[in-house]
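Shown here: my_file_9.cif, mmCIF, C-alpha atoms.
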data_structure
loop_
_atom_site.label_atom_id
_atom_site.label_comp_id
_atom_site.auth_asym_id
_atom_site.auth_seq_id
_atom_site.Cartn_x
_atom_site.Cartn_y
_atom_site.Cartn_z
CA MET C 21 162.71 -128.24 -30.60
CA PRO C 22 160.61 -130.00 -27.98
CA GLN C 23 161.79 -130.14 -24.40
CA GLN C 24 163.71 -133.32 -23.65
CA LEU C 25 162.25 -135.04 -20.63
CA GLY C 26 165.10 -137.49 -20.29
CA GLY C 27 165.55 -141.08 -21.46
CA GLU C 28 163.38 -143.21 -23.71
CA MET C 29 159.74 -143.09 -22.67
CA LYS C 30 157.62 -146.23 -22.66
CA ARG C 31 154.61 -144.04 -23.40
CA ARG C 32 155.18 -142.50 -26.83
CA PRO C 33 153.04 -139.76 -28.37
CA VAL C 34 151.11 -140.29 -31.60
CA LYS C 35 153.68 -139.51 -34.28
CA SER C 36 151.51 -137.34 -36.55
CA ALA C 37 150.27 -135.20 -33.67
CA SER C 38 153.74 -134.89 -32.18
CA ARG C 39 155.25 -133.80 -35.48
CA THR C 40 152.58 -131.17 -36.03
CA PHE C 41 153.40 -129.54 -32.71
CA GLU C 42 157.15 -129.88 -33.29
CA VAL C 43 156.80 -127.98 -36.58
CA LEU C 44 154.98 -125.16 -34.77
CA GLU C 45 157.57 -125.16 -32.00
CA LEU C 46 160.32 -124.86 -34.61
CA PHE C 47 158.68 -121.72 -35.97
CA ARG C 48 158.33 -120.43 -32.42
CA ASP C 49 162.07 -120.81 -31.91
CA ARG C 50 163.22 -119.58 -35.34
CA ARG C 51 160.64 -116.78 -35.77
CA THR C 52 161.14 -116.57 -39.55
CA PRO C 53 159.71 -118.15 -42.72
CA LEU C 54 161.27 -121.56 -43.39
CA ARG C 55 161.75 -123.68 -46.49
CA LEU C 56 160.86 -127.36 -46.66
CA ASN C 57 164.47 -128.52 -46.45
CA GLU C 58 165.11 -126.29 -43.42
CA ILE C 59 162.18 -127.87 -41.60
CA TYR C 60 162.89 -131.53 -42.25
CA SER C 61 166.63 -131.03 -41.67
CA ALA C 62 166.08 -129.29 -38.33
CA LEU C 63 163.58 -131.89 -37.11
CA GLY C 64 165.19 -134.97 -38.63
CA TYR C 65 162.06 -136.03 -40.54
CA PRO C 66 161.89 -137.81 -43.91
CA GLN C 67 161.34 -135.33 -46.75
CA SER C 68 158.25 -137.07 -48.13
CA SER C 69 156.33 -137.21 -44.84
CA THR C 70 157.33 -133.62 -44.04
CA THR C 71 155.94 -132.47 -47.39
CA ASN C 72 152.62 -134.20 -46.74
CA LEU C 73 152.42 -132.80 -43.20
CA LEU C 74 153.10 -129.23 -44.31
CA LYS C 75 150.57 -129.48 -47.14
CA SER C 76 147.94 -130.67 -44.65
CA MET C 77 148.70 -127.77 -42.30
CA VAL C 78 148.36 -125.33 -45.22
CA ILE C 79 145.02 -126.85 -46.27
CA GLU C 80 143.73 -126.58 -42.67
CA GLY C 81 144.80 -122.94 -42.53
CA TYR C 82 147.55 -123.23 -39.91
CA LEU C 83 150.48 -122.57 -42.27
CA ASN C 84 150.86 -120.08 -45.08
CA TYR C 85 152.83 -121.18 -48.14
CA ASN C 86 154.55 -118.49 -50.22
CA ARG C 87 155.08 -119.91 -53.72
CA ALA C 88 157.40 -117.07 -54.72
CA THR C 89 159.90 -117.78 -51.93
CA ARG C 90 158.88 -121.42 -51.30
CA THR C 91 158.64 -120.75 -47.60
CA TYR C 92 156.14 -121.61 -44.87
CA LEU C 93 154.97 -119.46 -41.97
CA PRO C 94 152.28 -120.02 -39.30
CA THR C 95 149.05 -118.07 -39.75
CA LEU C 96 147.12 -116.09 -37.15
CA GLN C 97 144.81 -119.09 -36.84
CA VAL C 98 147.56 -120.72 -34.76
CA ALA C 99 147.62 -117.75 -32.38
CA SER C 100 143.84 -117.72 -32.12
CA LEU C 101 143.78 -121.28 -30.78
CA GLY C 102 145.24 -120.28 -27.45
CA SER C 103 144.56 -116.55 -27.15
CA TRP C 104 141.50 -117.10 -24.97
CA ILE C 105 143.56 -119.17 -22.52
CA PHE C 106 145.93 -116.33 -21.76
CA SER C 107 143.01 -113.96 -21.29
CA HIS C 108 141.18 -116.38 -19.03
CA ILE C 109 144.20 -117.23 -16.90
CA ALA C 110 146.26 -114.05 -16.79
CA LEU C 111 143.78 -111.22 -17.03
CA ALA C 112 140.69 -112.59 -15.35
CA ASN C 113 142.47 -114.22 -12.41
CA GLY C 114 145.08 -111.57 -11.60
CA TYR C 115 148.10 -113.75 -12.25
CA HIS C 116 149.50 -111.13 -14.62
CA TRP C 117 149.65 -108.73 -11.63
CA LEU C 118 151.43 -111.32 -9.48
CA ILE C 119 154.05 -112.05 -12.13
CA ASP C 120 154.59 -108.39 -12.99
CA GLU C 121 154.94 -107.38 -9.35
CA LEU C 122 157.45 -110.13 -8.54
CA PHE C 123 159.37 -109.25 -11.69
CA ARG C 124 159.46 -105.56 -10.68
CA LEU C 125 160.66 -106.35 -7.17
CA THR C 126 163.27 -109.01 -8.03
CA ASP C 127 164.54 -108.32 -11.58
CA GLU C 128 164.73 -112.09 -12.10
CA THR C 129 162.84 -114.57 -14.26
CA VAL C 130 159.35 -115.15 -12.83
CA VAL C 131 157.25 -118.17 -13.85
CA LEU C 132 153.74 -119.45 -13.16
CA VAL C 133 153.75 -123.23 -13.22
CA THR C 134 151.03 -125.89 -13.35
CA GLN C 135 150.99 -129.63 -12.81
CA ASN C 136 150.47 -131.70 -15.96
CA ASP C 137 150.21 -135.39 -15.03
CA LEU C 138 153.71 -136.43 -13.87
CA PHE C 139 155.24 -133.16 -15.03
CA ILE C 140 155.29 -129.45 -14.33
CA GLN C 141 154.57 -127.08 -17.21
CA TYR C 142 155.68 -123.45 -17.52
CA MET C 143 152.46 -121.56 -18.21
CA MET C 144 153.42 -117.87 -18.00
CA MET C 145 156.67 -115.99 -17.41
CA ARG C 146 158.54 -112.72 -17.54
CA VAL C 147 162.25 -112.65 -18.33
CA PRO C 148 164.67 -109.80 -17.50
CA ASP C 149 166.95 -108.10 -20.01
CA HIS C 150 170.15 -108.82 -18.10
CA PRO C 151 172.28 -111.85 -19.09
CA HIS C 152 172.05 -113.63 -15.71
CA LYS C 153 169.37 -116.08 -16.74
CA ARG C 154 168.56 -119.25 -18.61
CA PRO C 155 164.76 -119.41 -18.79
CA PRO C 156 162.72 -122.26 -20.25
CA ASN C 157 160.23 -121.70 -23.05
CA THR C 158 156.61 -121.12 -22.14
CA GLY C 159 154.83 -124.47 -22.43
CA GLU C 160 157.90 -126.60 -21.77
CA MET C 161 157.60 -129.45 -19.30
CA ARG C 162 159.89 -131.10 -16.79
CA LEU C 163 159.44 -134.18 -14.66
CA MET C 164 157.98 -133.17 -11.28
CA LEU C 165 160.73 -135.09 -9.50
CA ASP C 166 163.36 -133.08 -11.38
CA ALA C 167 162.16 -129.52 -10.74
CA SER C 168 161.88 -127.18 -7.79
CA SER C 169 158.33 -126.31 -8.86
CA GLY C 170 157.49 -130.00 -8.95
CA MET C 171 158.79 -130.49 -5.43
CA ALA C 172 156.78 -127.46 -4.28
CA LEU C 173 153.66 -128.94 -5.86
CA MET C 174 154.22 -132.35 -4.27
CA SER C 175 154.68 -130.77 -0.85
CA GLN C 176 150.93 -130.04 -0.92
CA MET C 177 150.08 -133.71 -1.58
CA ARG C 178 149.68 -136.68 0.71
CA ASP C 179 152.67 -138.97 1.06
CA ARG C 180 150.89 -141.80 -0.78
CA GLU C 181 150.25 -139.49 -3.75
CA ILE C 182 153.94 -138.59 -3.85
CA ASP C 183 154.84 -142.29 -3.69
CA LYS C 184 152.53 -142.95 -6.66
CA ILE C 185 154.12 -140.16 -8.72
CA TYR C 186 157.56 -141.53 -7.87
CA ARG C 187 156.67 -145.09 -8.87
CA TYR C 188 154.92 -144.06 -12.10
CA SER C 189 157.84 -141.84 -13.11
CA ASN C 190 160.25 -144.72 -12.62
CA TYR C 191 157.96 -147.23 -14.34
CA TYR C 192 157.75 -145.10 -17.46
CA GLU C 193 161.53 -144.54 -17.36
CA LEU C 194 161.07 -140.81 -17.77
CA ASN C 195 164.46 -139.86 -16.36
CA PRO C 196 166.57 -142.99 -15.81
CA GLY C 197 169.91 -141.16 -15.97
CA GLN C 198 169.14 -138.83 -13.04
CA ARG C 199 166.89 -140.95 -10.86
CA ILE C 200 166.44 -139.61 -7.34
CA SER C 201 165.67 -141.98 -4.47
CA LEU C 202 162.33 -141.85 -2.68
CA PRO C 203 163.98 -141.09 0.71
CA ASP C 204 165.73 -138.10 -0.90
CA VAL C 205 162.43 -136.95 -2.39
CA MET C 206 160.71 -137.14 0.97
CA GLN C 207 163.58 -135.30 2.64
CA HIS C 208 163.07 -132.46 0.16
CA ILE C 209 159.31 -132.55 0.78
CA ARG C 210 159.64 -132.37 4.56
CA TRP C 211 161.89 -129.33 4.26
CA ILE C 212 159.47 -127.58 1.89
CA ARG C 213 156.52 -128.30 4.18
CA HIS C 214 158.51 -126.77 7.05
CA THR C 215 159.72 -123.64 5.21
CA GLY C 216 156.95 -123.15 2.61
CA TYR C 217 159.29 -123.01 -0.37
CA CYS C 218 161.78 -125.05 -2.41
CA TYR C 219 165.22 -123.74 -3.33
CA TRP C 220 167.19 -126.03 -5.63
CA PRO C 221 170.52 -124.42 -6.62
CA ASP C 222 172.53 -125.66 -9.62
CA HIS C 223 169.55 -127.65 -10.85
CA PRO C 224 168.64 -128.71 -13.48
CA VAL C 225 171.56 -126.77 -14.99
CA PRO C 226 174.85 -126.06 -13.17
CA GLY C 227 175.00 -122.42 -12.17
CA ILE C 228 171.21 -121.98 -12.42
CA GLY C 229 168.69 -122.24 -9.60
CA SER C 230 165.12 -121.41 -8.67
CA ILE C 231 162.89 -120.70 -5.69
CA ALA C 232 159.35 -122.10 -5.93
CA MET C 233 156.31 -121.60 -3.71
CA PRO C 234 152.91 -123.29 -3.97
CA LEU C 235 150.14 -120.72 -4.36
CA GLY C 236 147.72 -122.87 -2.39
CA GLU C 237 145.01 -122.49 -5.03
CA THR C 238 144.01 -124.16 -8.26
CA LEU C 239 142.82 -123.24 -11.74
CA HIS C 240 139.99 -125.59 -12.71
CA GLY C 241 141.38 -128.02 -10.16
CA ILE C 242 144.98 -127.76 -11.44
CA PRO C 243 147.42 -126.72 -8.67
CA LEU C 244 149.67 -123.70 -9.24
CA VAL C 245 153.19 -122.72 -8.21
CA ILE C 246 155.02 -119.41 -8.58
CA GLY C 247 158.77 -119.46 -9.10
CA ILE C 248 161.77 -117.16 -9.41
CA GLY C 249 164.78 -118.35 -11.40
CA GLY C 250 168.24 -117.09 -12.24
CA THR C 251 171.91 -117.77 -11.69
CA THR C 252 172.86 -119.41 -8.42
CA GLU C 253 175.44 -116.66 -7.97
CA ARG C 254 172.66 -114.07 -7.85
CA LEU C 255 169.95 -116.07 -6.08
CA SER C 256 171.89 -117.64 -3.23
CA PRO C 257 173.02 -114.38 -1.52
CA ARG C 258 169.46 -112.99 -1.89
CA ARG C 259 167.66 -116.15 -0.87
CA ALA C 260 166.11 -114.82 2.36
CA GLU C 261 165.22 -111.50 0.70
CA LEU C 262 163.59 -113.20 -2.31
CA VAL C 263 161.61 -115.60 -0.13
CA GLU C 264 160.28 -112.65 1.90
CA ILE C 265 159.37 -110.77 -1.28
CA MET C 266 157.52 -113.80 -2.61
CA ARG C 267 155.59 -114.33 0.62
CA ASN C 268 154.56 -110.69 0.89
CA THR C 269 153.58 -110.43 -2.77
CA ILE C 270 151.53 -113.63 -2.65
CA THR C 271 149.73 -112.29 0.43
CA GLU C 272 148.97 -109.02 -1.38
CA PHE C 273 147.84 -110.96 -4.45
CA ARG C 274 145.31 -112.91 -2.37
CA LEU C 275 143.95 -109.68 -0.88
CA ARG C 276 143.68 -108.02 -4.28
CA TYR C 277 142.23 -111.04 -6.08
CA PRO C 278 140.27 -113.26 -3.65
CA GLN C 279 139.72 -116.60 -5.36
CA GLU C 280 136.00 -116.62 -4.57
CA ASP C 281 135.68 -113.33 -6.50
CA ARG C 282 137.25 -114.74 -9.68
CA PRO C 283 134.43 -116.45 -11.63
CA ALA C 284 135.09 -117.81 -15.10
CA PRO C 285 134.92 -114.76 -17.39
CA ASP C 286 133.02 -114.35 -20.62
CA LEU C 287 135.27 -115.09 -23.62
CA ASP C 288 134.43 -111.82 -25.40
CA ASP C 289 135.26 -109.86 -22.25
CA CYS C 290 138.58 -111.70 -22.01
CA LEU C 291 139.55 -110.84 -25.57
CA ASP C 292 138.63 -107.18 -24.98
CA GLU C 293 140.85 -107.09 -21.89
CA LEU C 294 143.69 -108.73 -23.79
CA ALA C 295 143.47 -106.12 -26.55
CA ILE C 296 143.56 -103.31 -23.98
CA ALA C 297 146.55 -104.87 -22.18
CA ALA C 298 148.45 -105.18 -25.47
CA GLU C 299 148.07 -101.47 -26.28
#
Could you quickly redo this structure as structure tokens?
Amino acid sequence: MPQQLGGEMKRRPVKSASRTFEVLELFRDRRTPLRLNEIYSALGYPQSSTTNLLKSMVIEGYLNYNRATRTYLPTLQVASLGSWIFSHIALANGYHWLIDELFRLTDETVVLVTQNDLFIQYMMMRVPDHPHKRPPNTGEMRLMLDASSGMALMSQMRDREIDKIYRYSNYYELNPGQRISLPDVMQHIRWIRHTGYCYWPDHPVPGIGSIAMPLGETLHGIPLVIGIGGTTERLSPRRAELVEIMRNTITEFRLRYPQEDRPAPDLDDCLDELAIAAE
């Protein structure tokens, strides 16, 4: 199911486009062939419109329909849509090394986060096997004002830009139930600018926290943040240690992968690297 961003939005997505992605997200979560009634029941759609939507996705080649079992399943065409993005971002720019190294050193969830308008979006992550975690799904979004990564991103902006994000978020009623005041936002920002990181324990879920640091670089002009998440019980006692690990690893990352030496790679080269990494 899609990530809930809180409250009723004044800006609503186009219904047909939104439903198409929600169907694909349902398969991502269930990871099994699904019947028509399972799909429209899970998503709360009318049966007739769901039938038409699924038929269209089959015709376009994004869903496979098995007449024997009457089930649907995404095709590899869905995977091919975004495979080049992972190659371009993770392999060509060294971010896979940064995430893997932080994961090795911390044994906690590690995420690479981007800004997406008024939100942060989880772009890449590694999740540990132990139970002390509650990670988001890759691709999920949260309001910038409601996330440690969002605060870390805003700490790199001018105060008037932060004020604009705050006012737009409130205007569109994106999170009316948990609205934070602008003075509180700026207090967070001042602390992050002083320390270089944001630690927000028990947020957005009680018992869960995260430490986020701006990378100080962009991908096609989009600012990036690296974060470590886990239970507050585990993160809080290790806070100073984890912050030091993050700082040292980011420094090593910049030495290994200078941004000026990371030109946009050829797509075929990216796909070759992805195939090698998957072996």
Would you tabulate, counting only C-alpha atoms, all residues of segment 63-147 of chain C that have an atom at most 8 Å from an atom of segment 53-58 of chain C, showing the closest pair of atoms and their distance in Å to one decimal, sorted by chain then ascending number, as JSON lines?
{"residue": "C:Gln67", "atom": "CA", "partner": "C:Asn57", "partner_atom": "CA", "distance": 7.5}
{"residue": "C:Thr70", "atom": "CA", "partner": "C:Leu56", "partner_atom": "CA", "distance": 7.6}
{"residue": "C:Thr71", "atom": "CA", "partner": "C:Leu56", "partner_atom": "CA", "distance": 7.1}
{"residue": "C:Arg90", "atom": "CA", "partner": "C:Arg55", "partner_atom": "CA", "distance": 6.0}
{"residue": "C:Thr91", "atom": "CA", "partner": "C:Arg55", "partner_atom": "CA", "distance": 4.4}
{"residue": "C:Tyr92", "atom": "CA", "partner": "C:Leu54", "partner_atom": "CA", "distance": 5.3}
{"residue": "C:Leu93", "atom": "CA", "partner": "C:Pro53", "partner_atom": "CA", "distance": 5.0}
Enumerate, as a VMD selection string, the protein, DNA and RNA residues whose atoms approach (156.6, -126.6, -38.3) to within 10 Å, taking into account all atoms listed in the file and the coordinate frame of the file.
-> chain C and resid 21 39 to 48 54 56 58 to 60 62 to 63 70 73 to 74 77 82 to 83 92 to 94
May I have the residues within 9 Å of Leu262 of chain C as a PyMOL selection string, using only C-alpha atoms and disregarding those fewer than 4 positions away in the same chain?
-> chain C and resi 125-126+231+248+255+258+266-267
Those residues with C-alpha atoms, as a PDB file, in the frame of the given file please?
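Produced file again-v2.pdb, reproduced below:
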ATOM      1  CA  LEU C 125     160.660-106.350  -7.170  1.00  0.00           C
ATOM      2  CA  THR C 126     163.270-109.010  -8.030  1.00  0.00           C
ATOM      3  CA  ILE C 231     162.890-120.700  -5.690  1.00  0.00           C
ATOM      4  CA  ILE C 248     161.770-117.160  -9.410  1.00  0.00           C
ATOM      5  CA  LEU C 255     169.950-116.070  -6.080  1.00  0.00           C
ATOM      6  CA  ARG C 258     169.460-112.990  -1.890  1.00  0.00           C
ATOM      7  CA  MET C 266     157.520-113.800  -2.610  1.00  0.00           C
ATOM      8  CA  ARG C 267     155.590-114.330   0.620  1.00  0.00           C
TER       9      ARG C 267
END
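For the pair atom CA of Leu244 of chain C and atom CA of Gln207 of chain C, the separation is 21.7 Å.
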Let me know the residues the PyMOL selection byres ((chain C and resi 219-226) around 8) catches in the file above, as number ranges by chain.
-> C: 166-168, 217-218, 227-232, 252, 256
Filtering to C-alpha atoms, could you give me those residues as a compact mmCIF listing (two decimals), keeping the file's coordinate frame?
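Result file selection.txt:
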# COMPACT_ATOMS: atom_id res chain seq x y z
CA ASP C 166 163.36 -133.08 -11.38
CA ALA C 167 162.16 -129.52 -10.74
CA SER C 168 161.88 -127.18 -7.79
CA TYR C 217 159.29 -123.01 -0.37
CA CYS C 218 161.78 -125.05 -2.41
CA GLY C 227 175.00 -122.42 -12.17
CA ILE C 228 171.21 -121.98 -12.42
CA GLY C 229 168.69 -122.24 -9.60
CA SER C 230 165.12 -121.41 -8.67
CA ILE C 231 162.89 -120.70 -5.69
CA ALA C 232 159.35 -122.10 -5.93
CA THR C 252 172.86 -119.41 -8.42
CA SER C 256 171.89 -117.64 -3.23
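Distances to Gly247 of chain C were evaluated for C:Thr52, C:Ile265, C:Leu138, C:His214 using all atoms listed in the file, and the minimum falls at C:Ile265.
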Among C:Asp179, C:Met143, C:Val131, C:Lys153, Arg210 of chain C is approached most closely, using all atoms listed in the file, by C:Asp179
Selection dump of the PyMOL selection byres ((chain C and resi 243) around 12), as a ChimeraX atom specification | /C:132-137,139-141,143,169-170,172-177,233-242,244-246
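Distance-wise, atom CA of Tyr277 of chain C and atom CA of Arg162 of chain C end up 28.8 Å apart.
Using all atoms listed in the file, the nearest neighbour of Leu118 of chain C within the list C:Glu261, C:Glu272, C:Pro151, C:Gln279 is C:Glu272.
Here atom CA of Met144 of chain C is placed at a distance of 10.8 Å from atom CA of Asp120 of chain C.
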Check what the PyMOL selection byres ((chain C and resi 150) around 12) selects in the file above and give those residues as a PyMOL selection string.
-> chain C and resi 127-129+147-149+151-155+250-251+254
Shortest contact to Val130 of chain C, candidates C:His116, C:Gly64, C:Arg146, C:Ile200, atoms counted only C-alpha atoms, goes to C:Arg146
Complete segment 67-78 of chain C with all heavy atoms (output as a PDB file, in the coordinates of the input).
ATOM      1  N   GLN C  67     161.840-136.419 -45.919  1.00  0.00           N
ATOM      2  CA  GLN C  67     161.340-135.330 -46.750  1.00  0.00           C
ATOM      3  C   GLN C  67     159.895-135.569 -47.190  1.00  0.00           C
ATOM      4  O   GLN C  67     159.075-134.653 -47.163  1.00  0.00           O
ATOM      5  CB  GLN C  67     162.221-135.158 -47.987  1.00  0.00           C
ATOM      6  CG  GLN C  67     161.744-134.054 -48.920  1.00  0.00           C
ATOM      7  CD  GLN C  67     162.659-133.852 -50.106  1.00  0.00           C
ATOM      8  OE1 GLN C  67     163.780-134.352 -50.115  1.00  0.00           O
ATOM      9  NE2 GLN C  67     162.198-133.121 -51.109  1.00  0.00           N
ATOM     10  N   SER C  68     159.584-136.798 -47.593  1.00  0.00           N
ATOM     11  CA  SER C  68     158.250-137.070 -48.130  1.00  0.00           C
ATOM     12  C   SER C  68     157.160-136.856 -47.088  1.00  0.00           C
ATOM     13  O   SER C  68     156.128-136.212 -47.367  1.00  0.00           O
ATOM     14  CB  SER C  68     158.185-138.510 -48.651  1.00  0.00           C
ATOM     15  OG  SER C  68     158.493-139.435 -47.613  1.00  0.00           O
ATOM     16  N   SER C  69     157.359-137.375 -45.876  1.00  0.00           N
ATOM     17  CA  SER C  69     156.330-137.210 -44.840  1.00  0.00           C
ATOM     18  C   SER C  69     156.237-135.764 -44.382  1.00  0.00           C
ATOM     19  O   SER C  69     155.153-135.280 -44.018  1.00  0.00           O
ATOM     20  CB  SER C  69     156.627-138.131 -43.653  1.00  0.00           C
ATOM     21  OG  SER C  69     157.883-137.840 -43.080  1.00  0.00           O
ATOM     22  N   THR C  70     157.358-135.036 -44.403  1.00  0.00           N
ATOM     23  CA  THR C  70     157.330-133.620 -44.040  1.00  0.00           C
ATOM     24  C   THR C  70     156.528-132.827 -45.057  1.00  0.00           C
ATOM     25  O   THR C  70     155.726-131.949 -44.699  1.00  0.00           O
ATOM     26  CB  THR C  70     158.758-133.047 -43.949  1.00  0.00           C
ATOM     27  OG1 THR C  70     159.536-133.842 -43.052  1.00  0.00           O
ATOM     28  CG2 THR C  70     158.727-131.607 -43.447  1.00  0.00           C
ATOM     29  N   THR C  71     156.703-133.148 -46.340  1.00  0.00           N
ATOM     30  CA  THR C  71     155.940-132.470 -47.390  1.00  0.00           C
ATOM     31  C   THR C  71     154.452-132.670 -47.195  1.00  0.00           C
ATOM     32  O   THR C  71     153.665-131.714 -47.263  1.00  0.00           O
ATOM     33  CB  THR C  71     156.351-133.008 -48.777  1.00  0.00           C
ATOM     34  OG1 THR C  71     157.752-132.774 -48.974  1.00  0.00           O
ATOM     35  CG2 THR C  71     155.562-132.320 -49.881  1.00  0.00           C
ATOM     36  N   ASN C  72     154.045-133.904 -46.935  1.00  0.00           N
ATOM     37  CA  ASN C  72     152.620-134.200 -46.740  1.00  0.00           C
ATOM     38  C   ASN C  72     152.069-133.491 -45.504  1.00  0.00           C
ATOM     39  O   ASN C  72     150.940-132.976 -45.513  1.00  0.00           O
ATOM     40  CB  ASN C  72     152.409-135.707 -46.616  1.00  0.00           C
ATOM     41  CG  ASN C  72     152.680-136.434 -47.920  1.00  0.00           C
ATOM     42  OD1 ASN C  72     152.519-135.857 -49.005  1.00  0.00           O
ATOM     43  ND2 ASN C  72     153.082-137.690 -47.833  1.00  0.00           N
ATOM     44  N   LEU C  73     152.866-133.464 -44.434  1.00  0.00           N
ATOM     45  CA  LEU C  73     152.420-132.800 -43.200  1.00  0.00           C
ATOM     46  C   LEU C  73     152.228-131.306 -43.431  1.00  0.00           C
ATOM     47  O   LEU C  73     151.204-130.733 -43.032  1.00  0.00           O
ATOM     48  CB  LEU C  73     153.444-133.038 -42.088  1.00  0.00           C
ATOM     49  CG  LEU C  73     153.198-132.298 -40.765  1.00  0.00           C
ATOM     50  CD1 LEU C  73     151.874-132.705 -40.159  1.00  0.00           C
ATOM     51  CD2 LEU C  73     154.345-132.553 -39.780  1.00  0.00           C
ATOM     52  N   LEU C  74     153.187-130.671 -44.080  1.00  0.00           N
ATOM     53  CA  LEU C  74     153.100-129.230 -44.310  1.00  0.00           C
ATOM     54  C   LEU C  74     151.929-128.884 -45.230  1.00  0.00           C
ATOM     55  O   LEU C  74     151.232-127.883 -45.022  1.00  0.00           O
ATOM     56  CB  LEU C  74     154.416-128.704 -44.886  1.00  0.00           C
ATOM     57  CG  LEU C  74     155.648-128.836 -43.986  1.00  0.00           C
ATOM     58  CD1 LEU C  74     156.873-128.257 -44.678  1.00  0.00           C
ATOM     59  CD2 LEU C  74     155.432-128.180 -42.637  1.00  0.00           C
ATOM     60  N   LYS C  75     151.715-129.710 -46.251  1.00  0.00           N
ATOM     61  CA  LYS C  75     150.570-129.480 -47.140  1.00  0.00           C
ATOM     62  C   LYS C  75     149.264-129.569 -46.365  1.00  0.00           C
ATOM     63  O   LYS C  75     148.349-128.757 -46.576  1.00  0.00           O
ATOM     64  CB  LYS C  75     150.579-130.503 -48.273  1.00  0.00           C
ATOM     65  CG  LYS C  75     151.622-130.236 -49.355  1.00  0.00           C
ATOM     66  CD  LYS C  75     151.530-131.264 -50.468  1.00  0.00           C
ATOM     67  CE  LYS C  75     152.533-130.970 -51.583  1.00  0.00           C
ATOM     68  NZ  LYS C  75     152.481-131.991 -52.660  1.00  0.00           N
ATOM     69  N   SER C  76     149.164-130.537 -45.456  1.00  0.00           N
ATOM     70  CA  SER C  76     147.940-130.670 -44.650  1.00  0.00           C
ATOM     71  C   SER C  76     147.729-129.458 -43.766  1.00  0.00           C
ATOM     72  O   SER C  76     146.600-128.975 -43.607  1.00  0.00           O
ATOM     73  CB  SER C  76     148.025-131.937 -43.785  1.00  0.00           C
ATOM     74  OG  SER C  76     148.085-133.098 -44.586  1.00  0.00           O
ATOM     75  N   MET C  77     148.808-128.936 -43.176  1.00  0.00           N
ATOM     76  CA  MET C  77     148.700-127.770 -42.300  1.00  0.00           C
ATOM     77  C   MET C  77     148.329-126.517 -43.094  1.00  0.00           C
ATOM     78  O   MET C  77     147.664-125.625 -42.567  1.00  0.00           O
ATOM     79  CB  MET C  77     150.014-127.571 -41.529  1.00  0.00           C
ATOM     80  CG  MET C  77     150.327-128.711 -40.567  1.00  0.00           C
ATOM     81  SD  MET C  77     151.921-128.550 -39.712  1.00  0.00           S
ATOM     82  CE  MET C  77     151.552-127.195 -38.589  1.00  0.00           C
ATOM     83  N   VAL C  78     148.761-126.448 -44.362  1.00  0.00           N
ATOM     84  CA  VAL C  78     148.360-125.330 -45.220  1.00  0.00           C
ATOM     85  C   VAL C  78     146.870-125.429 -45.541  1.00  0.00           C
ATOM     86  O   VAL C  78     146.130-124.450 -45.451  1.00  0.00           O
ATOM     87  CB  VAL C  78     149.191-125.313 -46.525  1.00  0.00           C
ATOM     88  CG1 VAL C  78     148.604-124.320 -47.529  1.00  0.00           C
ATOM     89  CG2 VAL C  78     150.643-124.968 -46.230  1.00  0.00           C
TER      90      VAL C  78
END
